[in-house]
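Notes follow once the structure below has been shown.
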Amino acid sequence: MKGMLPSLLFCPDTFFSERMKEPEDLKIPGIIVIIGAIIAAAASYLISGIYEGLFTAAAGEGMASMLGIFGAVSAFIAFVIIWWLIFTGIFYLLSMAFAGTGTFRRTLQVIGYGLVPVIIGSVISLLVSLYYIPMVEVPVISNIQDPAAIQRVMSGIFEDPAFREFTQLSAVISAIFLAWSANLWIFGIKHARTLSFRNAIIVVLIPVVVFMIYTLYTAFIGTPFLGGS
Amino acid sequence: MKNSFIAVIFAVIVCSLLITTTATAQNTGDGAAQITVSSVDVNPGVFFEGDTGIITIEIVNNGAESVAIRRATMYDSDILVLSSSYDTTTTVGAGNRMQFTFTVKADVPPGIYYPSFSLDFRDAGYLRYPVQIRVENDPLEISVLEKPDTYSAGRKDPIDIMVGNPRDNPVGSVIVHFSGASVEAAPSSYFIGTLNPDQAQKISFNITPAEPTSLDIVVDYKNGVNPHSSVVTLPVNFGESKKQAEPILSNIIVEYGDGKYTLTGDVTNAGLEVANSVVLSVGEGAEPVNPYREYVVGSLQPDDFSSFEITFLAENTTLVQVLVNYRDVDGNPSMRTTPVIIPPKTSAKEKTPGVATPIIAVILVSAVLIGGAIWYSWKKR
């Protein structure tokens, strides 16, 4: 176990070749994913504080804190599903096109290990959010039952300079660390699915680049909220 | 001899008749002297010109014998007697009283009149008695003691009046009515009842006009059986009261923060009357939001002031109206509007926080380290 992390981060080829010699074990990857999910839940809870005023006006203080808990649980589950299961599923399916062999469980194992950089990026994003969230000026909602008022508030939050800057920085940090995770996944998929380097790069980079472009696009260009302009 | 006897008999009969007649005349003359007028009642005591009244005359037989009355009547060249005479012969027993009632109409100018009561006795003699009737045209007086200088639509204002009786007789069934177009009076009428001579009654009432108009104060009363009325008309003109409360806003500060405008200031009552239930809010151009959608100051005495705070949203405008709603002592609502210029919201929002240097450093260092790690991992492949 000792020296596993440096080996994973800096010599992934060696690390994953050694893991292939061991029986399939999801214990450590599972712990890594749970740690990442907890950090995502904490970040979601912090960000839900921005909307607290909105929901306090709608349903009182109790409902606002319930919203924070609900957001944290959702983020926890979403992290496990999106970052582990869906990415693993995509890599597994894409590698099938290149006649990849190896079990889904083994793919889960290597993708789990490869999430370590994403988790480091999440920690940095969480720290950055602690700096930016207090600066976000949350608009006050005049009438919770008025859809136009809700859209005005949501637009106000997204147009807030601090929130916008936080979103963009968070996207950049995610992209940088996702690139590192992608590097680990290339080596992991190569070994788990017995692919060539070229094919492993293709399998990993297609979904990762698409995801990265989407993340950066939404952060810098933005998407309309609830039909708003 | 026979003729002499007849002459003596005739003389005796004539003498007897003469003696009998003389004796009867003497008795009747005594009876007339026994009858006197004991009381006279005139209702109403003082007539208006054209009034109808009743005169009741009571006689008493002070003698020891009864007296026969053939006719009782009243007559005058000016006063019109509406009722007929008493033409039936009747007898007033010794010590007894009898009343005679006549209806008269005083269709004469103001003054003092003396219609005569006449009593003719059956046997001989009569009694004449002049009755005094006064005719005056002085109506009840209505004095306005207190009224507002000006009125406002929908505002309840008090009015005090005094109803006095300058006549020498009491008047009855006195009722005061208040009427006018677009005016609501409370109470709508006031019953006084009997108003004695030189007596006055104070009446307070409130009116709520809807538009400039006039108010008729009508006093209906009866003089005997005759209805009369006095009227006073008050103009109801709209305008600002000189004493009314005047809440003035000062020390106004408008700041934008936390997604909303916060307006703070002082409200001072610069008027001469107390302002009750003072509530501040925003009007046109702004949308009130929590926590201070409205600010209740409460009561403000003249020259008193209070601080207030209002929170609101304002889009695409630089001017909002601050409304001060208040009530006077009677609960009449009033509102005063003060325009306030607000700073543009964007001035606060445009203060971009700027990317902190440590964050930039962390990102750059991370990027370099990750680049190095990736390069190293490929080198070690």
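Residue numbering restarts at 1 in every chain; chains get A, B, ... in the order shown in the structure tokens, and ligands count up from 1 in that same order.
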Quick one: residues within 7 Å of segment 162-164 of chain B, only C-alpha atoms, excluding same-chain residues fewer than 4 positions away - as a list in words?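 Skipping anything fewer than 4 positions along the chain leaves Leu140, Glu141, Ile142, Ser143, Val144, Leu145, Asp198, Gln199, Ala200, Gln201, Lys202 and Ile203 of chain B.
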Each chain B residue no farther than 12 Å from chain A, nearest pair in Å, only C-alpha atoms, as JSON lines:
```
{"residue": "B:Tyr256", "atom": "CA", "partner": "A:Glu137", "partner_atom": "CA", "distance": 10.2}
{"residue": "B:Gly257", "atom": "CA", "partner": "A:Glu137", "partner_atom": "CA", "distance": 7.2}
{"residue": "B:Asp258", "atom": "CA", "partner": "A:Glu137", "partner_atom": "CA", "distance": 4.9}
{"residue": "B:Gly259", "atom": "CA", "partner": "A:Pro139", "partner_atom": "CA", "distance": 3.7}
{"residue": "B:Lys260", "atom": "CA", "partner": "A:Val140", "partner_atom": "CA", "distance": 6.1}
{"residue": "B:Tyr261", "atom": "CA", "partner": "A:Val140", "partner_atom": "CA", "distance": 9.6}
{"residue": "B:Thr262", "atom": "CA", "partner": "A:Val140", "partner_atom": "CA", "distance": 11.6}
{"residue": "B:Ala286", "atom": "CA", "partner": "A:Ser142", "partner_atom": "CA", "distance": 10.6}
{"residue": "B:Glu287", "atom": "CA", "partner": "A:Ser142", "partner_atom": "CA", "distance": 7.1}
{"residue": "B:Pro288", "atom": "CA", "partner": "A:Ser142", "partner_atom": "CA", "distance": 6.8}
{"residue": "B:Val289", "atom": "CA", "partner": "A:Ser142", "partner_atom": "CA", "distance": 5.1}
{"residue": "B:Asn290", "atom": "CA", "partner": "A:Ser142", "partner_atom": "CA", "distance": 7.6}
{"residue": "B:Pro291", "atom": "CA", "partner": "A:Val140", "partner_atom": "CA", "distance": 9.8}
{"residue": "B:Tyr292", "atom": "CA", "partner": "A:Ser142", "partner_atom": "CA", "distance": 11.6}
{"residue": "B:Arg293", "atom": "CA", "partner": "A:Ser142", "partner_atom": "CA", "distance": 9.5}
{"residue": "B:Thr311", "atom": "CA", "partner": "A:Val140", "partner_atom": "CA", "distance": 9.7}
{"residue": "B:Phe312", "atom": "CA", "partner": "A:Ser142", "partner_atom": "CA", "distance": 8.4}
{"residue": "B:Leu313", "atom": "CA", "partner": "A:Val140", "partner_atom": "CA", "distance": 7.8}
{"residue": "B:Ala314", "atom": "CA", "partner": "A:Ser142", "partner_atom": "CA", "distance": 10.8}
{"residue": "B:Glu315", "atom": "CA", "partner": "A:Arg152", "partner_atom": "CA", "distance": 10.6}
{"residue": "B:Lys345", "atom": "CA", "partner": "A:Pro139", "partner_atom": "CA", "distance": 11.2}
{"residue": "B:Thr346", "atom": "CA", "partner": "A:Asp160", "partner_atom": "CA", "distance": 10.5}
{"residue": "B:Ala348", "atom": "CA", "partner": "A:Glu137", "partner_atom": "CA", "distance": 9.5}
{"residue": "B:Lys349", "atom": "CA", "partner": "A:Asp160", "partner_atom": "CA", "distance": 7.0}
{"residue": "B:Glu350", "atom": "CA", "partner": "A:Pro161", "partner_atom": "CA", "distance": 7.3}
{"residue": "B:Lys351", "atom": "CA", "partner": "A:Pro161", "partner_atom": "CA", "distance": 7.7}
{"residue": "B:Thr352", "atom": "CA", "partner": "A:Pro161", "partner_atom": "CA", "distance": 5.4}
{"residue": "B:Pro353", "atom": "CA", "partner": "A:Ala162", "partner_atom": "CA", "distance": 6.0}
{"residue": "B:Gly354", "atom": "CA", "partner": "A:Glu165", "partner_atom": "CA", "distance": 7.9}
{"residue": "B:Val355", "atom": "CA", "partner": "A:Glu165", "partner_atom": "CA", "distance": 7.5}
{"residue": "B:Ala356", "atom": "CA", "partner": "A:Tyr131", "partner_atom": "CA", "distance": 9.0}
{"residue": "B:Thr357", "atom": "CA", "partner": "A:Val128", "partner_atom": "CA", "distance": 11.7}
{"residue": "B:Pro358", "atom": "CA", "partner": "A:Val128", "partner_atom": "CA", "distance": 9.9}
{"residue": "B:Ile359", "atom": "CA", "partner": "A:Val128", "partner_atom": "CA", "distance": 7.3}
{"residue": "B:Ile360", "atom": "CA", "partner": "A:Leu169", "partner_atom": "CA", "distance": 9.1}
{"residue": "B:Ala361", "atom": "CA", "partner": "A:Ile173", "partner_atom": "CA", "distance": 11.9}
{"residue": "B:Val362", "atom": "CA", "partner": "A:Ile124", "partner_atom": "CA", "distance": 8.5}
{"residue": "B:Ile363", "atom": "CA", "partner": "A:Ile173", "partner_atom": "CA", "distance": 6.6}
{"residue": "B:Leu364", "atom": "CA", "partner": "A:Ile173", "partner_atom": "CA", "distance": 9.7}
{"residue": "B:Val365", "atom": "CA", "partner": "A:Ile176", "partner_atom": "CA", "distance": 10.9}
{"residue": "B:Ser366", "atom": "CA", "partner": "A:Ile176", "partner_atom": "CA", "distance": 7.7}
{"residue": "B:Ala367", "atom": "CA", "partner": "A:Ile176", "partner_atom": "CA", "distance": 6.2}
{"residue": "B:Val368", "atom": "CA", "partner": "A:Ile176", "partner_atom": "CA", "distance": 9.8}
{"residue": "B:Leu369", "atom": "CA", "partner": "A:Trp180", "partner_atom": "CA", "distance": 9.8}
{"residue": "B:Ile370", "atom": "CA", "partner": "A:Trp180", "partner_atom": "CA", "distance": 6.1}
{"residue": "B:Gly371", "atom": "CA", "partner": "A:Trp180", "partner_atom": "CA", "distance": 7.9}
{"residue": "B:Gly372", "atom": "CA", "partner": "A:Phe10", "partner_atom": "CA", "distance": 8.9}
{"residue": "B:Ala373", "atom": "CA", "partner": "A:Phe10", "partner_atom": "CA", "distance": 5.4}
{"residue": "B:Ile374", "atom": "CA", "partner": "A:Asn183", "partner_atom": "CA", "distance": 6.5}
{"residue": "B:Trp375", "atom": "CA", "partner": "A:Phe10", "partner_atom": "CA", "distance": 8.9}
{"residue": "B:Tyr376", "atom": "CA", "partner": "A:Phe10", "partner_atom": "CA", "distance": 6.4}
{"residue": "B:Ser377", "atom": "CA", "partner": "A:Cys11", "partner_atom": "CA", "distance": 4.9}
{"residue": "B:Trp378", "atom": "CA", "partner": "A:Cys11", "partner_atom": "CA", "distance": 8.1}
{"residue": "B:Lys379", "atom": "CA", "partner": "A:Cys11", "partner_atom": "CA", "distance": 9.0}
{"residue": "B:Lys380", "atom": "CA", "partner": "A:Cys11", "partner_atom": "CA", "distance": 6.5}
{"residue": "B:Arg381", "atom": "CA", "partner": "A:Asp13", "partner_atom": "CA", "distance": 5.9}
```
Writing out the chosen residues with C-alpha atoms as a PDB file, in the first residue's frame:
```pdb
ATOM      1  CA  TYR B 256     -28.028  48.577  -2.831  1.00  0.00           C
ATOM      2  CA  GLY B 257     -26.819  45.362  -1.296  1.00  0.00           C
ATOM      3  CA  ASP B 258     -27.702  41.691  -0.982  1.00  0.00           C
ATOM      4  CA  GLY B 259     -29.810  41.913  -4.093  1.00  0.00           C
ATOM      5  CA  LYS B 260     -32.134  44.628  -2.873  1.00  0.00           C
ATOM      6  CA  TYR B 261     -32.358  48.316  -2.142  1.00  0.00           C
ATOM      7  CA  THR B 262     -32.450  49.443   1.460  1.00  0.00           C
ATOM      8  CA  ALA B 286     -40.546  49.687  -6.797  1.00  0.00           C
ATOM      9  CA  GLU B 287     -41.511  46.267  -5.572  1.00  0.00           C
ATOM     10  CA  PRO B 288     -41.438  45.715  -1.803  1.00  0.00           C
ATOM     11  CA  VAL B 289     -39.450  42.730  -0.534  1.00  0.00           C
ATOM     12  CA  ASN B 290     -38.624  41.216   2.820  1.00  0.00           C
ATOM     13  CA  PRO B 291     -37.596  41.961   5.491  1.00  0.00           C
ATOM     14  CA  TYR B 292     -39.051  45.501   5.507  1.00  0.00           C
ATOM     15  CA  ARG B 293     -41.782  45.455   2.902  1.00  0.00           C
ATOM     16  CA  THR B 311     -36.435  47.200   1.455  1.00  0.00           C
ATOM     17  CA  PHE B 312     -37.484  46.941  -2.173  1.00  0.00           C
ATOM     18  CA  LEU B 313     -36.524  45.969  -5.699  1.00  0.00           C
ATOM     19  CA  ALA B 314     -36.424  48.427  -8.562  1.00  0.00           C
ATOM     20  CA  GLU B 315     -35.782  47.616 -12.201  1.00  0.00           C
ATOM     21  CA  LYS B 345     -28.141  48.885  -9.169  1.00  0.00           C
ATOM     22  CA  THR B 346     -25.367  48.054 -11.615  1.00  0.00           C
ATOM     23  CA  ALA B 348     -22.841  47.629  -6.973  1.00  0.00           C
ATOM     24  CA  LYS B 349     -22.879  44.660  -9.294  1.00  0.00           C
ATOM     25  CA  GLU B 350     -20.125  45.883 -11.514  1.00  0.00           C
ATOM     26  CA  LYS B 351     -17.665  45.549  -8.688  1.00  0.00           C
ATOM     27  CA  THR B 352     -16.211  42.292  -9.929  1.00  0.00           C
ATOM     28  CA  PRO B 353     -14.288  40.546  -7.190  1.00  0.00           C
ATOM     29  CA  GLY B 354     -11.322  39.791  -9.461  1.00  0.00           C
ATOM     30  CA  VAL B 355      -9.428  36.553  -9.426  1.00  0.00           C
ATOM     31  CA  ALA B 356      -7.311  36.355  -6.290  1.00  0.00           C
ATOM     32  CA  THR B 357      -3.587  35.966  -6.876  1.00  0.00           C
ATOM     33  CA  PRO B 358      -3.280  32.823  -4.720  1.00  0.00           C
ATOM     34  CA  ILE B 359      -5.977  31.159  -6.758  1.00  0.00           C
ATOM     35  CA  ILE B 360      -4.210  32.023 -10.005  1.00  0.00           C
ATOM     36  CA  ALA B 361      -0.996  30.713  -8.519  1.00  0.00           C
ATOM     37  CA  VAL B 362      -2.655  27.477  -7.433  1.00  0.00           C
ATOM     38  CA  ILE B 363      -4.157  26.950 -10.875  1.00  0.00           C
ATOM     39  CA  LEU B 364      -0.886  27.675 -12.662  1.00  0.00           C
ATOM     40  CA  VAL B 365       1.142  25.497 -10.316  1.00  0.00           C
ATOM     41  CA  SER B 366      -1.447  22.732 -10.648  1.00  0.00           C
ATOM     42  CA  ALA B 367      -1.351  22.984 -14.415  1.00  0.00           C
ATOM     43  CA  VAL B 368       2.438  22.831 -14.446  1.00  0.00           C
ATOM     44  CA  LEU B 369       2.572  19.944 -11.982  1.00  0.00           C
ATOM     45  CA  ILE B 370      -0.099  18.013 -13.841  1.00  0.00           C
ATOM     46  CA  GLY B 371       1.673  18.678 -17.142  1.00  0.00           C
ATOM     47  CA  GLY B 372       4.880  17.454 -15.554  1.00  0.00           C
ATOM     48  CA  ALA B 373       3.184  14.400 -14.076  1.00  0.00           C
ATOM     49  CA  ILE B 374       1.649  13.489 -17.427  1.00  0.00           C
ATOM     50  CA  TRP B 375       4.965  14.005 -19.201  1.00  0.00           C
ATOM     51  CA  TYR B 376       6.732  11.938 -16.542  1.00  0.00           C
ATOM     52  CA  SER B 377       4.215   9.130 -16.718  1.00  0.00           C
ATOM     53  CA  TRP B 378       4.629   8.906 -20.485  1.00  0.00           C
ATOM     54  CA  LYS B 379       8.395   9.023 -20.146  1.00  0.00           C
ATOM     55  CA  LYS B 380       8.357   6.174 -17.625  1.00  0.00           C
ATOM     56  CA  ARG B 381       6.043   4.105 -19.846  1.00  0.00           C
TER      57      ARG B 381
END
```
Residue contacts of Tyr114 of chain B (6 Å, only C-alpha atoms) excluding same-chain residues fewer than 5 positions away, as an MDAnalysis selection string: chainID B and resid 130:132
Residues as selected, C-alpha atoms, written as a short mmCIF file (atom, residue, chain, number, x, y, z; two decimals), in the first residue's frame, can you do that?
```
data_model
loop_
_atom_site.label_atom_id
_atom_site.label_comp_id
_atom_site.auth_asym_id
_atom_site.auth_seq_id
_atom_site.Cartn_x
_atom_site.Cartn_y
_atom_site.Cartn_z
CA PRO B 130 -110.94 90.17 25.92
CA VAL B 131 -108.29 87.46 25.46
CA GLN B 132 -104.71 88.47 24.61
#
```
Name the residues in contact with segment 224-230 of chain B at a cut-off of 8 Å, using only C-alpha atoms, excluding same-chain residues fewer than 6 positions from it; report them as a list of chain:residue names.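 Surrounding residues, per the criterion: B:Asn43, B:Pro44, B:Asp51, B:Thr52, B:Gly53, B:Pro139, B:Leu140, B:Glu141, B:Ile142, B:Val171, B:Gly172, B:Val218.
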Which residue out of B:Arg155, B:Arg71, B:Arg336, B:Arg167 has the minimum interatomic distance to Phe48 of chain B when only C-alpha atoms are used?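 Residue with the minimum atom-to-atom distance to Phe48 of chain B: B:Arg167.
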Do a neighbour search on Ile35 of chain B at 12 Å with only C-alpha atoms, toss out local chain neighbours closer than 4 positions, and write the hits as a PyMOL selection string. chain B and resi 28-31+58-69+91-98+119-121+125-129
Suppose we keep N, CA and C atoms; can you now write the selection as a compact mmCIF listing (two decimals), in the first residue's frame?
```txt
# COMPACT_ATOMS: atom_id res chain seq x y z
N THR B 28 -131.79 87.56 37.77
CA THR B 28 -130.88 87.32 36.66
C THR B 28 -129.68 88.24 36.72
N GLY B 29 -129.96 89.44 37.00
CA GLY B 29 -128.85 90.39 37.13
C GLY B 29 -127.91 89.97 38.22
N ASP B 30 -128.32 89.38 39.20
CA ASP B 30 -127.46 88.89 40.28
C ASP B 30 -126.61 87.70 39.80
N GLY B 31 -127.32 86.80 38.99
CA GLY B 31 -126.59 85.63 38.45
C GLY B 31 -125.44 86.05 37.57
N GLU B 58 -112.21 79.27 30.98
CA GLU B 58 -112.97 78.61 32.05
C GLU B 58 -113.69 79.68 32.87
N ILE B 59 -115.02 79.44 33.11
CA ILE B 59 -115.78 80.38 33.95
C ILE B 59 -116.18 79.65 35.23
N VAL B 60 -116.52 80.44 36.25
CA VAL B 60 -116.93 79.85 37.52
C VAL B 60 -118.12 80.65 38.07
N ASN B 61 -119.06 79.92 38.61
CA ASN B 61 -120.23 80.56 39.23
C ASN B 61 -119.95 80.70 40.72
N ASN B 62 -119.69 81.92 41.11
CA ASN B 62 -119.33 82.17 42.49
C ASN B 62 -120.56 82.39 43.40
N GLY B 63 -121.78 82.42 42.79
CA GLY B 63 -122.97 82.70 43.58
C GLY B 63 -123.57 81.47 44.22
N ALA B 64 -124.75 81.71 44.87
CA ALA B 64 -125.42 80.61 45.55
C ALA B 64 -126.51 80.00 44.70
N GLU B 65 -126.75 80.64 43.53
CA GLU B 65 -127.80 80.12 42.66
C GLU B 65 -127.20 79.80 41.30
N SER B 66 -127.94 78.92 40.59
CA SER B 66 -127.46 78.56 39.24
C SER B 66 -127.77 79.69 38.28
N VAL B 67 -126.97 79.71 37.18
CA VAL B 67 -127.11 80.76 36.18
C VAL B 67 -127.28 80.08 34.82
N ALA B 68 -128.26 80.55 34.08
CA ALA B 68 -128.52 79.98 32.76
C ALA B 68 -127.78 80.77 31.69
N ILE B 69 -127.10 80.07 30.84
CA ILE B 69 -126.32 80.72 29.77
C ILE B 69 -126.97 80.38 28.45
N THR B 91 -126.85 75.61 31.91
CA THR B 91 -126.91 76.21 33.24
C THR B 91 -125.62 75.88 33.99
N VAL B 92 -125.10 76.89 34.64
CA VAL B 92 -123.91 76.68 35.48
C VAL B 92 -124.37 76.71 36.92
N GLY B 93 -124.25 75.60 37.56
CA GLY B 93 -124.70 75.51 38.93
C GLY B 93 -123.86 76.35 39.88
N ALA B 94 -124.41 76.57 41.05
CA ALA B 94 -123.69 77.37 42.05
C ALA B 94 -122.37 76.70 42.39
N GLY B 95 -121.31 77.46 42.29
CA GLY B 95 -119.97 76.94 42.61
C GLY B 95 -119.34 76.10 41.51
N ASN B 96 -120.05 75.91 40.42
CA ASN B 96 -119.52 75.06 39.34
C ASN B 96 -118.67 75.86 38.34
N ARG B 97 -117.90 75.10 37.56
CA ARG B 97 -117.04 75.70 36.54
C ARG B 97 -117.44 75.14 35.19
N MET B 98 -117.14 75.89 34.16
CA MET B 98 -117.44 75.43 32.81
C MET B 98 -116.37 75.97 31.85
N LEU B 119 -120.30 86.11 26.64
CA LEU B 119 -121.19 85.14 27.30
C LEU B 119 -122.54 85.84 27.52
N ASP B 120 -123.58 85.35 26.80
CA ASP B 120 -124.92 85.94 26.95
C ASP B 120 -125.74 85.06 27.87
N PHE B 121 -126.34 85.68 28.89
CA PHE B 121 -127.17 84.93 29.83
C PHE B 121 -128.59 84.82 29.31
N GLY B 125 -128.55 90.23 30.61
CA GLY B 125 -127.15 90.53 30.88
C GLY B 125 -126.18 89.71 30.03
N TYR B 126 -124.95 90.06 30.08
CA TYR B 126 -123.90 89.35 29.31
C TYR B 126 -122.55 89.61 29.95
N LEU B 127 -121.59 88.84 29.45
CA LEU B 127 -120.21 89.00 29.97
C LEU B 127 -119.28 89.13 28.77
N ARG B 128 -118.44 90.15 28.80
CA ARG B 128 -117.45 90.32 27.74
C ARG B 128 -116.07 90.18 28.36
N TYR B 129 -115.22 89.41 27.68
CA TYR B 129 -113.87 89.22 28.24
C TYR B 129 -112.84 89.19 27.10
```
Neighbours of segment 35-44 of chain A within 10 Å (only C-alpha atoms; same-chain residues fewer than 5 positions away dropped), as a PyMOL selection string? chain A and resi 29-30+49+68-81+83+115-123+125-127+129-130
